[in-house]
Amino acid sequence: MVFFFAQSLSILEMARSVSRIFSGFRCFGSLPFGNTQLKTQCPSVLFRTTSERTVVQVLPSIFSRKPRDFSLPNSSWGEEMMRLYNYYNSQSEEATEGQEDHGEQWTRLPSYNRSLKYATGGVYLSKIIQSKARLFTRNIRDPGAAFEYVVFFRQDKQRCVCVFQAGHLLEGPPGHVHGGAIATMIDTVTGTHASLLSAPVMTANLNINYRSPIPLGSTVLIESTLDKEEGKKKFILCSVTSTDGSRVHTEATALFVSISISHLLRG
Ligand SMILES: CCCCCCCC/C=C\CCCCCCCC(=O)SCCNC(=O)CCNC(=O)[C@H](O)C(C)(C)COP(=O)(O)OP(=O)(O)OC[C@H]1O[C@@H](n2cnc3c(N)ncnc32)[C@H](O)[C@@H]1OP(=O)(O)O
C-alpha cells in the first residue's frame, strides 16, 4: 500500500528512487523493482513524522537471509498460471545497459511477506504482534493453498495485470472462491497500482460487483487501469475475468487516498 513515486518516473528511475527513499522496506508487499535482486541487509529506517522521530527497524535477524519472493513460480502453479506467467515475463526483460526504459514493457513486481519488525513512536503493538505480522495474502506456507499470484505493471499504459490462482483454502460457496478473498485480491492489485502512482496510499472506497462465480483452483486475470487522479485521490478500475477473457467474474472501482507516513504510525 505504500511507496513514494513521481508518476513521470520510468520504472527503473522509480526503482532507484524507492531504493533510496525506502531502502528499508524492500522486504514486504509487491515492490516495483522489476527483476532486480534484493539486498539481504535491511537496516533501521528513520522517519521524520510531523511531531516525532520514529525509528522503524525493518527486519529481525532471522530474516537476514534473502527473503522469499512469492511472485516467482512454485510447484503448485498450474499449467495456465505458468503459461500466463511466462507470457508476461517474456515481455518484461530488464532494459539493457544504455537503453532507456520508457515503461513500454511489463515489469514483474516482486512480492514479500513483511516489512516492519516494529515501529516505535505512536504505534501501540505488542511485541508478539510486531514480530509475527505478515502480509495477509502471503502468510500461508503451504504452496497453492491460498493466494498464488504475480502482478505485472505497464507504466506507459497505466495498467496492472495479476495472474491469480485461487487455492482450496479460499472456498466460499462450495467449489468456488469466497467473495472476501476476491475483494482481497482486488484491493491488493488496485492498491499496488495506486501505490505505484504515489505512495503511501490507503483504500478509502472499494465497490465490487460479483458477476459470475470463480471456480476454486482456477486461474483468472485481475486487471486494473487508472481512471483518474484528483489531488490526493486515485480512482482505479478493476476487472476479474477468465484467462481467455470470455467470462467476466467481477468488476470493481476503487478509491485510494495518499496519506503521510505519520498517518500509519499514529495507530
Ligand atoms: C510505511 C509502511 C511501508 C511498507 C511498504 C508496503 C508495501 C506494500 C505493497 C503492497 C501490498 C499490497 C497492497 C495492499 C493494499 C491494501 C490497502 C488497504 O487495504 S488499506 C486498509 C483499508 N483502508 C483503511 O483502513 C483506510 C481507513 N481510512 C482512513 O485512514 C482515512 O479515511 C483516509 C486515509 C482514507 C482518508 O483520510 P484523510 O484524512 O487522509 O483524507 P480526507 O480528507 O478524509 O479525504 C481525502 C479526500 O478523499 C475523499 N474520501 C475519503 N474517503 C472517501 C470515501 N470512502 N469515499 C469517497 N471519497 C472519500 C474525501 O472526501 C476527500 O476528498 P476531497 O479532497 O475533499 O475532494
# chains A, B, ... in the order shown; residues from 1 in each chain; ligands from 1
>>> residues_around(residues="Tyr210 (chain A)", least_positions_apart="5", cutoff="9 Å", atoms="only C-alpha atoms", output="PDB file with N, CA and C atoms, in the first residue's frame")
ATOM      1  N   GLY A 179     -16.124 -14.502  -1.713  1.00  0.00           N
ATOM      2  CA  GLY A 179     -16.172 -13.109  -2.168  1.00  0.00           C
ATOM      3  C   GLY A 179     -15.170 -12.219  -1.453  1.00  0.00           C
ATOM      4  N   VAL A 248     -16.634 -12.607 -17.590  1.00  0.00           N
ATOM      5  CA  VAL A 248     -16.364 -11.590 -16.556  1.00  0.00           C
ATOM      6  C   VAL A 248     -16.819 -12.153 -15.221  1.00  0.00           C
ATOM      7  N   HIS A 249     -15.889 -12.238 -14.291  1.00  0.00           N
ATOM      8  CA  HIS A 249     -16.247 -12.732 -12.957  1.00  0.00           C
ATOM      9  C   HIS A 249     -16.632 -11.584 -12.018  1.00  0.00           C
ATOM     10  N   THR A 250     -15.839 -10.507 -12.080  1.00  0.00           N
ATOM     11  CA  THR A 250     -16.013  -9.435 -11.088  1.00  0.00           C
ATOM     12  C   THR A 250     -15.591  -8.102 -11.699  1.00  0.00           C
ATOM     13  N   GLU A 251     -16.301  -7.049 -11.317  1.00  0.00           N
ATOM     14  CA  GLU A 251     -15.895  -5.694 -11.728  1.00  0.00           C
ATOM     15  C   GLU A 251     -15.857  -4.812 -10.483  1.00  0.00           C
ATOM     16  N   ALA A 252     -14.921  -3.897 -10.456  1.00  0.00           N
ATOM     17  CA  ALA A 252     -14.781  -3.081  -9.245  1.00  0.00           C
ATOM     18  C   ALA A 252     -14.245  -1.695  -9.571  1.00  0.00           C
TER      19      ALA A 252
END
>>> closest_residue(among="A:Lys66, A:Lys132, A:Lys232, A:Arg108", to="Val150 (chain A)", atoms="only C-alpha atoms")
A:Arg108
>>> residues_around(residues="Pro143 (chain A)", least_positions_apart="6", cutoff="9 Å", atoms="only C-alpha atoms", output="list in words")
Asn74, Ser75, Ser76, Trp77 and Gly167 of chain A
>>> atom_distance(atom1="atom 59 (C, counted along the ligand's line) of ligand 1", atom2="CA of Ile186 (chain A)")
18.1 Å
>>> atom_distance(atom1="CA of Leu170 (chain A)", atom2="CA of Asn209 (chain A)")
18.5 Å
>>> atom_distance(atom1="atom 59 (C, counted along the ligand's line) of ligand 1", atom2="CA of Thr203 (chain A)")
9.3 Å
